[in-house]
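Asker: Enclosed is the structure file query-v2.pdb (PDB, C-alpha atoms).
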ATOM      1  CA  MET A   1      -7.335 -71.936  38.752
ATOM      2  CA  GLN A   2      -9.049 -69.876  36.058
ATOM      3  CA  HIS A   3      -9.123 -66.217  37.137
ATOM      4  CA  LEU A   4     -11.920 -63.797  36.303
ATOM      5  CA  ASP A   5     -11.598 -61.729  33.160
ATOM      6  CA  HIS A   6      -9.881 -58.362  33.639
ATOM      7  CA  ASP A   7     -12.786 -56.382  32.137
ATOM      8  CA  ARG A   8     -15.250 -58.272  34.307
ATOM      9  CA  LEU A   9     -13.283 -57.284  37.438
ATOM     10  CA  VAL A  10     -13.477 -53.638  36.362
ATOM     11  CA  PHE A  11     -17.275 -53.794  36.022
ATOM     12  CA  LEU A  12     -17.614 -55.441  39.431
ATOM     13  CA  ALA A  13     -15.357 -52.828  41.046
ATOM     14  CA  LEU A  14     -17.356 -49.956  39.524
ATOM     15  CA  GLY A  15     -20.652 -51.502  40.611
ATOM     16  CA  GLU A  16     -21.879 -51.730  37.016
ATOM     17  CA  SER A  17     -23.145 -55.279  37.603
ATOM     18  CA  GLU A  18     -23.538 -57.821  40.371
ATOM     19  CA  ALA A  19     -21.341 -60.877  40.707
ATOM     20  CA  ASP A  20     -23.098 -64.163  40.030
ATOM     21  CA  ASN A  21     -22.754 -67.187  42.307
ATOM     22  CA  ALA A  22     -19.709 -68.579  40.522
ATOM     23  CA  GLU A  23     -17.942 -65.189  40.566
ATOM     24  CA  SER A  24     -18.759 -64.637  44.237
ATOM     25  CA  THR A  25     -17.366 -68.070  45.097
ATOM     26  CA  HIS A  26     -14.190 -67.361  43.122
ATOM     27  CA  LEU A  27     -13.657 -63.961  44.751
ATOM     28  CA  GLY A  28     -14.081 -65.561  48.162
ATOM     29  CA  THR A  29     -11.227 -67.976  47.518
ATOM     30  CA  CYS A  30      -8.905 -66.083  45.129
ATOM     31  CA  ALA A  31      -6.776 -63.429  46.778
ATOM     32  CA  LEU A  32      -5.387 -62.154  43.457
ATOM     33  CA  CYS A  33      -8.776 -61.324  41.953
ATOM     34  CA  ARG A  34     -10.009 -59.901  45.252
ATOM     35  CA  ALA A  35      -6.983 -57.614  45.513
ATOM     36  CA  GLU A  36      -7.427 -56.479  41.912
ATOM     37  CA  VAL A  37     -11.055 -55.533  42.574
ATOM     38  CA  ALA A  38      -9.961 -53.569  45.653
ATOM     39  CA  THR A  39      -7.360 -51.726  43.566
ATOM     40  CA  PHE A  40      -9.931 -50.781  40.914
ATOM     41  CA  GLN A  41     -12.311 -49.546  43.616
ATOM     42  CA  GLN A  42      -9.566 -47.351  45.064
ATOM     43  CA  VAL A  43      -8.800 -45.833  41.651
ATOM     44  CA  ALA A  44     -12.506 -45.202  41.029
ATOM     45  CA  GLY A  45     -12.741 -43.453  44.394
ATOM     46  CA  LEU A  46      -9.839 -41.161  43.527
ATOM     47  CA  GLY A  47     -11.543 -40.255  40.247
ATOM     48  CA  THR A  48     -14.749 -39.392  42.068
ATOM     49  CA  GLU A  49     -12.898 -37.076  44.459
ATOM     50  CA  THR A  50     -11.533 -34.968  41.558
ATOM     51  CA  GLN A  51     -14.869 -34.309  39.860
ATOM     52  CA  GLY A  52     -15.167 -30.951  41.658
ATOM     53  CA  LEU A  53     -12.137 -29.621  39.741
ATOM     54  CA  ALA A  54     -14.302 -29.036  36.644
ATOM     55  CA  ASP A  55     -15.195 -25.486  37.781
ATOM     56  CA  LEU A  56     -11.894 -23.649  38.153
ATOM     57  CA  PRO A  57     -11.592 -19.984  39.165
ATOM     58  CA  ASP A  58     -10.052 -17.425  36.818
ATOM     59  CA  PRO A  59      -6.274 -17.038  37.213
ATOM     60  CA  PRO A  60      -4.993 -13.903  39.021
ATOM     61  CA  GLU A  61      -4.554 -10.706  36.973
ATOM     62  CA  HIS A  62      -0.750 -10.769  37.286
ATOM     63  CA  ILE A  63      -0.685 -14.062  35.393
ATOM     64  CA  TRP A  64      -2.375 -12.489  32.370
ATOM     65  CA  GLN A  65      -0.098  -9.431  32.610
ATOM     66  CA  GLY A  66       2.946 -11.702  32.535
ATOM     67  CA  ILE A  67       1.603 -13.556  29.493
ATOM     68  CA  ALA A  68       0.943 -10.292  27.630
ATOM     69  CA  ALA A  69       4.463  -9.008  28.414
ATOM     70  CA  GLN A  70       6.089 -12.189  27.121
ATOM     71  CA  VAL A  71       3.987 -12.181  23.936
ATOM     72  CA  ARG A  72       4.875  -8.509  23.245
ATOM     73  CA  ALA A  73       8.563  -9.274  23.755
ATOM     74  CA  ALA A  74       8.330 -12.211  21.351
ATOM     75  CA  GLU A  75       6.610 -10.046  18.715
ATOM     76  CA  ALA A  76       9.344  -7.389  19.038
ATOM     77  CA  GLN A  77      12.048 -10.020  18.539
ATOM     78  CA  GLN A  78      10.229 -11.339  15.478
ATOM     79  CA  ALA A  79       9.957  -7.823  13.982
ATOM     80  CA  GLN A  80      13.702  -7.271  14.467
ATOM     81  CA  ALA A  81      14.443 -10.618  12.851
ATOM     82  CA  GLU A  82      12.237  -9.791   9.839
ATOM     83  CA  THR A  83      14.126  -6.492   9.390
ATOM     84  CA  ARG A  84      17.416  -8.382   9.309
ATOM     85  CA  TRP A  85      15.996 -10.872   6.796
ATOM     86  CA  GLN A  86      15.361  -8.028   4.338
ATOM     87  CA  GLN A  87      19.048  -7.063   4.406
ATOM     88  CA  VAL A  88      20.741  -9.650   2.185
ATOM     89  CA  PRO A  89      24.369  -9.995   3.322
ATOM     90  CA  GLY A  90      27.030 -10.072   0.619
ATOM     91  CA  GLN A  91      24.845  -8.315  -2.015
ATOM     92  CA  GLY A  92      26.375  -4.804  -1.958
ATOM     93  CA  VAL A  93      24.812  -1.974  -3.965
ATOM     94  CA  GLY A  94      26.460  -0.645  -7.102
ATOM     95  CA  THR A  95      28.143  -3.995  -7.853
ATOM     96  CA  LEU A  96      28.196  -6.118 -10.952
ATOM     97  CA  THR A  97      27.337  -9.792 -10.733
ATOM     98  CA  GLY A  98      28.095 -12.294 -13.439
ATOM     99  CA  GLN A  99      26.910 -15.406 -11.656
ATOM    100  CA  THR A 100      24.195 -17.905 -12.481
ATOM    101  CA  ASN A 101      21.121 -17.854 -10.237
ATOM    102  CA  ASP A 102      18.683 -20.729  -9.722
ATOM    103  CA  THR A 103      15.027 -19.776  -9.874
ATOM    104  CA  PRO A 104      11.825 -21.751  -9.510
ATOM    105  CA  PHE A 105      11.337 -21.371 -13.272
ATOM    106  CA  GLY A 106      14.814 -22.365 -14.457
ATOM    107  CA  ARG A 107      18.284 -20.837 -14.367
ATOM    108  CA  ALA A 108      18.797 -17.062 -14.852
ATOM    109  CA  THR A 109      22.219 -16.294 -16.366
ATOM    110  CA  GLY A 110      23.992 -13.184 -17.584
ATOM    111  CA  THR A 111      25.504 -10.029 -16.222
ATOM    112  CA  THR A 112      23.371  -7.871 -13.989
ATOM    113  CA  ALA A 113      23.944  -4.286 -12.887
ATOM    114  CA  THR A 114      22.429  -2.886  -9.716
ATOM    115  CA  PRO A 115      22.563   0.930  -9.449
ATOM    116  CA  SER A 116      24.003   2.327  -6.236
ATOM    117  CA  ALA A 117      22.524   5.135  -4.186
ATOM    118  CA  GLY A 118      22.699   8.468  -6.033
ATOM    119  CA  THR A 119      23.285   6.825  -9.416
ATOM    120  CA  THR A 120      20.702   7.178 -12.162
ATOM    121  CA  GLY A 121      19.738   4.569 -14.668
ATOM    122  CA  GLU A 122      21.620   6.474 -17.451
ATOM    123  CA  GLN A 123      24.858   6.365 -15.438
ATOM    124  CA  ALA A 124      24.766   2.593 -15.179
ATOM    125  CA  THR A 125      25.988   2.018 -18.737
ATOM    126  CA  GLY A 126      27.599  -0.837 -20.573
ATOM    127  CA  THR A 127      25.161  -3.415 -19.283
ATOM    128  CA  THR A 128      21.502  -4.056 -19.465
ATOM    129  CA  ALA A 129      19.667  -3.879 -16.121
ATOM    130  CA  ARG A 130      17.457  -6.856 -15.568
ATOM    131  CA  PRO A 131      15.733  -7.994 -12.408
ATOM    132  CA  THR A 132      17.508 -10.727 -10.524
ATOM    133  CA  VAL A 133      16.161 -13.521  -8.363
ATOM    134  CA  THR A 134      18.095 -13.730  -5.111
ATOM    135  CA  ARG A 135      18.061 -17.048  -3.298
ATOM    136  CA  LEU A 136      18.220 -17.104   0.477
ATOM    137  CA  ASP A 137      21.012 -19.268   1.753
ATOM    138  CA  SER A 138      20.449 -22.038   4.279
ATOM    139  CA  ALA A 139      21.881 -19.993   7.168
ATOM    140  CA  ARG A 140      19.318 -17.232   6.669
ATOM    141  CA  ARG A 141      16.470 -19.760   6.343
ATOM    142  CA  SER A 142      17.552 -21.378   9.594
ATOM    143  CA  ARG A 143      17.669 -17.977  11.302
ATOM    144  CA  ARG A 144      14.095 -17.337  10.218
ATOM    145  CA  GLY A 145      13.019 -20.753  11.480
ATOM    146  CA  SER A 146      14.791 -20.231  14.788
ATOM    147  CA  GLY A 147      13.021 -16.897  15.242
ATOM    148  CA  TRP A 148       9.642 -18.615  14.858
ATOM    149  CA  SER A 149      10.765 -21.386  17.233
ATOM    150  CA  ARG A 150      11.711 -18.840  19.872
ATOM    151  CA  TRP A 151       8.318 -17.143  19.529
ATOM    152  CA  ALA A 152       6.477 -20.471  19.774
ATOM    153  CA  ALA A 153       8.547 -21.509  22.804
ATOM    154  CA  THR A 154       7.709 -18.214  24.520
ATOM    155  CA  ALA A 155       3.990 -18.693  23.888
ATOM    156  CA  VAL A 156       4.086 -22.254  25.235
ATOM    157  CA  THR A 157       5.978 -21.093  28.327
ATOM    158  CA  ALA A 158       3.385 -18.389  28.937
ATOM    159  CA  ALA A 159       0.549 -20.903  28.632
ATOM    160  CA  ALA A 160       2.286 -23.186  31.106
ATOM    161  CA  ALA A 161       2.639 -20.285  33.532
ATOM    162  CA  ALA A 162      -1.095 -19.629  33.265
ATOM    163  CA  ALA A 163      -1.848 -23.260  34.065
ATOM    164  CA  VAL A 164       0.410 -23.139  37.116
ATOM    165  CA  GLY A 165      -1.292 -19.945  38.264
ATOM    166  CA  VAL A 166      -4.732 -21.520  37.940
ATOM    167  CA  LEU A 167      -3.706 -24.557  39.951
ATOM    168  CA  GLY A 168      -2.127 -22.351  42.596
ATOM    169  CA  THR A 169      -5.296 -20.292  42.787
ATOM    170  CA  VAL A 170      -7.387 -23.443  43.199
ATOM    171  CA  SER A 171      -5.265 -24.597  46.129
ATOM    172  CA  VAL A 172      -5.630 -21.236  47.883
ATOM    173  CA  LEU A 173      -9.119 -20.031  46.964
ATOM    174  CA  ARG A 174     -11.256 -23.169  46.854
ATOM    175  CA  PRO A 175     -13.552 -22.930  49.858
ATOM    176  CA  ASP A 176     -14.764 -26.510  49.581
ATOM    177  CA  ASP A 177     -11.421 -28.268  49.987
ATOM    178  CA  PRO A 178     -12.025 -31.476  51.914
ATOM    179  CA  THR A 179     -10.719 -31.603  55.447
ATOM    180  CA  PRO A 180      -7.952 -34.124  56.195
ATOM    181  CA  ALA A 181      -9.255 -37.634  56.668
ATOM    182  CA  PRO A 182      -9.554 -38.592  60.333
ATOM    183  CA  THR A 183      -7.004 -41.019  61.736
ATOM    184  CA  GLN A 184      -8.126 -44.620  61.414
ATOM    185  CA  VAL A 185      -8.883 -46.434  64.666
ATOM    186  CA  VAL A 186      -6.563 -49.422  65.191
ATOM    187  CA  VAL A 187      -8.235 -52.369  66.929
ATOM    188  CA  ALA A 188      -5.231 -54.746  66.840
ATOM    189  CA  SER A 189      -1.610 -54.638  65.760
ATOM    190  CA  ALA A 190       1.459 -56.840  65.452
ATOM    191  CA  PRO A 191       5.157 -56.283  64.772
ATOM    192  CA  LEU A 192       6.343 -58.580  61.986
ATOM    193  CA  ALA A 193       9.754 -60.219  62.297
ATOM    194  CA  ALA A 194      11.864 -62.327  59.947
ATOM    195  CA  TYR A 195      10.759 -65.963  59.964
ATOM    196  CA  GLY A 196      12.765 -69.102  59.236
ATOM    197  CA  SER A 197      15.694 -68.476  56.880
ATOM    198  CA  THR A 198      14.599 -64.933  56.005
ATOM    199  CA  PRO A 199      17.403 -62.333  56.455
ATOM    200  CA  PRO A 200      17.107 -60.714  59.915
ATOM    201  CA  ALA A 201      16.871 -57.211  58.408
ATOM    202  CA  ALA A 202      13.402 -58.006  57.044
ATOM    203  CA  LYS A 203      10.636 -56.579  59.208
ATOM    204  CA  GLY A 204       7.210 -55.011  59.165
ATOM    205  CA  ASP A 205       4.082 -53.955  61.029
ATOM    206  CA  ALA A 206       0.445 -55.049  60.725
ATOM    207  CA  ARG A 207      -2.574 -53.055  61.925
ATOM    208  CA  VAL A 208      -6.217 -54.087  61.845
ATOM    209  CA  LEU A 209      -8.411 -51.019  61.349
ATOM    210  CA  ARG A 210     -11.927 -50.591  62.631
ATOM    211  CA  ASP A 211     -13.269 -50.200  59.089
ATOM    212  CA  GLY A 212     -12.350 -53.832  58.353
ATOM    213  CA  GLN A 213      -9.032 -53.384  56.585
ATOM    214  CA  LEU A 214      -5.543 -54.675  57.282
ATOM    215  CA  HIS A 215      -2.706 -52.186  56.849
ATOM    216  CA  LEU A 216       0.786 -53.591  56.333
ATOM    217  CA  HIS A 217       4.137 -51.874  56.239
ATOM    218  CA  VAL A 218       7.128 -54.023  55.279
ATOM    219  CA  ALA A 219      10.821 -53.353  54.761
ATOM    220  CA  ASN A 220      13.889 -55.207  53.488
ATOM    221  CA  LEU A 221      11.999 -58.197  52.123
ATOM    222  CA  PRO A 222      14.246 -60.478  50.042
ATOM    223  CA  ARG A 223      13.645 -60.538  46.304
ATOM    224  CA  VAL A 224      11.576 -63.483  45.120
ATOM    225  CA  PRO A 225      10.799 -64.739  41.592
ATOM    226  CA  GLY A 226       7.046 -64.659  42.301
ATOM    227  CA  TYR A 227       5.090 -62.372  44.610
ATOM    228  CA  TYR A 228       4.310 -61.757  48.283
ATOM    229  CA  GLU A 229       1.012 -62.927  49.791
ATOM    230  CA  VAL A 230      -0.532 -62.065  53.162
ATOM    231  CA  TRP A 231      -2.295 -64.651  55.332
ATOM    232  CA  LEU A 232      -4.141 -64.868  58.634
ATOM    233  CA  ILE A 233      -3.453 -68.102  60.521
ATOM    234  CA  ASN A 234      -5.208 -69.764  63.455
ATOM    235  CA  PRO A 235      -2.247 -70.904  65.595
ATOM    236  CA  THR A 236      -4.347 -73.552  67.332
ATOM    237  CA  THR A 237      -5.680 -75.372  64.275
ATOM    238  CA  MET A 238      -3.131 -74.003  61.744
ATOM    239  CA  GLU A 239      -6.056 -73.177  59.450
ATOM    240  CA  MET A 240      -5.411 -70.120  57.325
ATOM    241  CA  PHE A 241      -6.811 -67.945  54.578
ATOM    242  CA  SER A 242      -5.324 -65.426  52.180
ATOM    243  CA  VAL A 243      -5.995 -61.727  52.751
ATOM    244  CA  GLY A 244      -4.345 -60.444  49.576
ATOM    245  CA  THR A 245      -1.051 -59.730  47.861
ATOM    246  CA  LEU A 246       1.564 -57.039  48.331
ATOM    247  CA  GLY A 247       2.395 -54.796  45.404
ATOM    248  CA  GLY A 248       5.723 -53.222  44.618
ATOM    249  CA  GLY A 249       5.555 -50.667  47.445
ATOM    250  CA  SER A 250       6.294 -50.975  51.129
ATOM    251  CA  ASP A 251       2.682 -50.346  52.240
ATOM    252  CA  ALA A 252      -0.552 -52.174  51.474
ATOM    253  CA  LEU A 253      -4.169 -51.772  52.598
ATOM    254  CA  LEU A 254      -6.084 -55.035  52.233
ATOM    255  CA  PRO A 255      -9.799 -55.665  52.898
ATOM    256  CA  LEU A 256     -10.609 -58.335  55.493
ATOM    257  CA  PRO A 257     -13.533 -60.726  55.110
ATOM    258  CA  PRO A 258     -16.656 -59.592  57.000
ATOM    259  CA  ASN A 259     -16.899 -60.752  60.625
ATOM    260  CA  VAL A 260     -13.416 -62.261  60.644
ATOM    261  CA  ASP A 261     -12.395 -63.400  64.149
ATOM    262  CA  ILE A 262      -8.932 -61.922  64.638
ATOM    263  CA  THR A 263      -8.732 -63.369  68.135
ATOM    264  CA  SER A 264      -8.695 -66.836  66.551
ATOM    265  CA  TYR A 265      -6.865 -65.957  63.315
ATOM    266  CA  SER A 266      -4.295 -63.909  65.158
ATOM    267  CA  VAL A 267      -1.082 -64.698  63.270
ATOM    268  CA  VAL A 268      -0.176 -62.448  60.332
ATOM    269  CA  ASP A 269       2.036 -64.204  57.793
ATOM    270  CA  VAL A 270       3.774 -62.866  54.670
ATOM    271  CA  SER A 271       4.855 -65.627  52.285
ATOM    272  CA  ALA A 272       6.768 -65.923  49.026
ATOM    273  CA  GLU A 273       4.539 -67.439  46.324
ATOM    274  CA  GLN A 274       5.072 -68.675  42.779
ATOM    275  CA  TYR A 275       2.947 -67.980  39.689
ATOM    276  CA  ASP A 276       1.761 -71.580  39.570
ATOM    277  CA  ASN A 277      -2.051 -71.201  39.937
ATOM    278  CA  ASN A 278      -1.786 -72.915  43.313
ATOM    279  CA  THR A 279      -3.897 -70.999  45.836
ATOM    280  CA  ARG A 280      -2.480 -72.799  48.880
ATOM    281  CA  HIS A 281       0.316 -71.469  51.107
ATOM    282  CA  SER A 282       3.725 -72.249  49.616
ATOM    283  CA  GLY A 283       5.261 -73.037  53.004
ATOM    284  CA  ASP A 284       7.888 -70.307  52.489
ATOM    285  CA  SER A 285       7.039 -67.735  55.179
ATOM    286  CA  LEU A 286       9.122 -64.550  55.235
ATOM    287  CA  LEU A 287       7.519 -62.534  58.067
ATOM    288  CA  ARG A 288       5.255 -63.435  60.959
ATOM    289  CA  GLY A 289       3.706 -61.680  63.937
ATOM    290  CA  THR A 290       0.818 -62.131  66.395
ATOM    291  CA  LEU A 291      -1.996 -59.583  66.619
ATOM    292  CA  THR A 292      -2.764 -58.088  70.033
ATOM    293  CA  GLY A 293      -5.120 -55.380  71.142
TER     294      GLY A 293
END
As structure tokens, what does this structure read like?
Answerer:
Amino acid sequence: MQHLDHDRLVFLALGESEADNAESTHLGTCALCRAEVATFQQVAGLGTETQGLADLPDPPEHIWQGIAAQVRAAEAQQAQAETRWQQVPGQGVGTLTGQTNDTPFGRATGTTATPSAGTTGEQATGTTARPTVTRLDSARRSRRGSGWSRWAATAVTAAAAAAVGVLGTVSVLRPDDPTPAPTQVVVASAPLAAYGSTPPAAKGDARVLRDGQLHLHVANLPRVPGYYEVWLINPTTMEMFSVGTLGGGSDALLPLPPNVDITSYSVVDVSAEQYDNNTRHSGDSLLRGTLTG
């Protein structure tokens, strides 16, 4: 069976276009495409519910005070680090150096005299005083980089704290928070038990809701190479139709066809199916139960 294009299913779920006759016929017979449309509709609904979060209140004053305190502390640490950078270790005053120094413009060689405190230029005799180019070693460069990293980390932490404060304020101050959704009315239900050679630990529950959806909760299903599919079966005629597929979780909410007669199609069946493009029941039932109510 050729399934509908993924992008086309998205447009149908969002209501951007109407399904033509061929697409409507396919959706009526293909549980996979029908379940995918239902999933897209659920995601679109969640996105609609969060549109009100665009207007957020200002964070509390103590959040800003905490940010300012952390920024001031970071600036103080940076100032201390810059003071230490100006003090070159190992270059004592009043010493003679006869080493070769690398500079950006070549190599500076010769003997250099640096006067010590309290010594005049005339007292530093025997050598010619020339300016030297001192090269920072790798340890000092890394200390400078680490100081900047600490400051940046502090700023990022403060920004994260502000975001948490805003979200906390939203949860407390928003007057238009939606009230909890009312409990769905259950019109029929069935315990699902292991069927055939399925391990006895497998079990589940099925509930038909008044809004036309089937809620399933399953547990301990055996692993299968394909996927799990849910069916409603007429025990008298053994006619059946697919309701949808189970995802990776233990709960699923599947839409039922309009005006389905659950008194006739009263058996809920969970089967193991293969990815073989065969839309019929595989014959490998894992769970079954009969709806009552």
Asker: By how many Å are atom CA of A:Leu12 and atom CA of A:Val37 apart?
Answerer: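 Between atom CA of A:Leu12 and atom CA of A:Val37 the gap works out to 7.3 Å.
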Asker: Please list as a PDB file with C-alpha atoms, keeping the file's coordinate frame every residue within 7 Å of stretch 207-214 of chain A, counting all atoms listed in the file and excluding residues in the same chain fewer than 5 positions away.
Answerer:
ATOM      1  CA  GLN A 184      -8.126 -44.620  61.414  1.00  0.00           C
ATOM      2  CA  VAL A 185      -8.883 -46.434  64.666  1.00  0.00           C
ATOM      3  CA  VAL A 186      -6.563 -49.422  65.191  1.00  0.00           C
ATOM      4  CA  VAL A 187      -8.235 -52.369  66.929  1.00  0.00           C
ATOM      5  CA  ALA A 188      -5.231 -54.746  66.840  1.00  0.00           C
ATOM      6  CA  SER A 189      -1.610 -54.638  65.760  1.00  0.00           C
ATOM      7  CA  ALA A 190       1.459 -56.840  65.452  1.00  0.00           C
ATOM      8  CA  LEU A 253      -4.169 -51.772  52.598  1.00  0.00           C
ATOM      9  CA  LEU A 254      -6.084 -55.035  52.233  1.00  0.00           C
ATOM     10  CA  PRO A 255      -9.799 -55.665  52.898  1.00  0.00           C
ATOM     11  CA  LEU A 256     -10.609 -58.335  55.493  1.00  0.00           C
TER      12      LEU A 256
END
Asker: Hey, what comes out of the PyMOL selection byres ((chain A and resi 228) around 10) on this file? Could you write it as a PyMOL selection string?
Answerer: chain A and resi 221+223-227+229-230+244-248+270-274+285-286
Asker: Between A:Asp276, A:Ala206, A:Thr39, A:Val218, which one has atoms that come closest to A:Thr292, using only C-alpha atoms?
Answerer: A:Ala206
Asker: Work out how far atom CA of A:His26 is from atom CA of A:Gln41, in Å to one decimal.
Answerer: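 Between atom CA of A:Gln41 and atom CA of A:His26 the gap works out to 17.9 Å.
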Asker: Nearest to A:Phe241 among A:Gln42, A:Gly28, A:Glu18, A:Ala201, with distances taken over only C-alpha atoms: which residue is it?
Answerer: A:Gly28
Asker: Nearest residue to A:Leu14 out of A:Leu291, A:Ala38, A:Ile63, A:Leu216, using all atoms listed in the file?
Answerer: A:Ala38
Asker: What's the separation between atom CA of A:His217 and atom CA of A:Ser250, in Å to one decimal place?
Answerer: 5.6 Å
Asker: Between A:Ala252, A:Val267, A:Val260, A:Ala219, single out the one closest to A:Trp231, counting only C-alpha atoms.
Answerer: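 Of the candidates, the smallest distance to A:Trp231 is held by A:Val267.
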Asker: Which residue gives the smallest distance to A:Met238 among A:Glu82, A:Asp205, A:Asp251, A:Asp269, with only C-alpha atoms counted?
Answerer: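 Nearest to A:Met238: A:Asp269.
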Asker: Write out as a PyMOL selection string each polymer residue whose atoms come within 10 Å of A:Met240, counting all atoms listed in the file; drop sequence neighbours fewer than 5 positions from it.
Answerer: chain A and resi 231-235+265+267-269+280-281
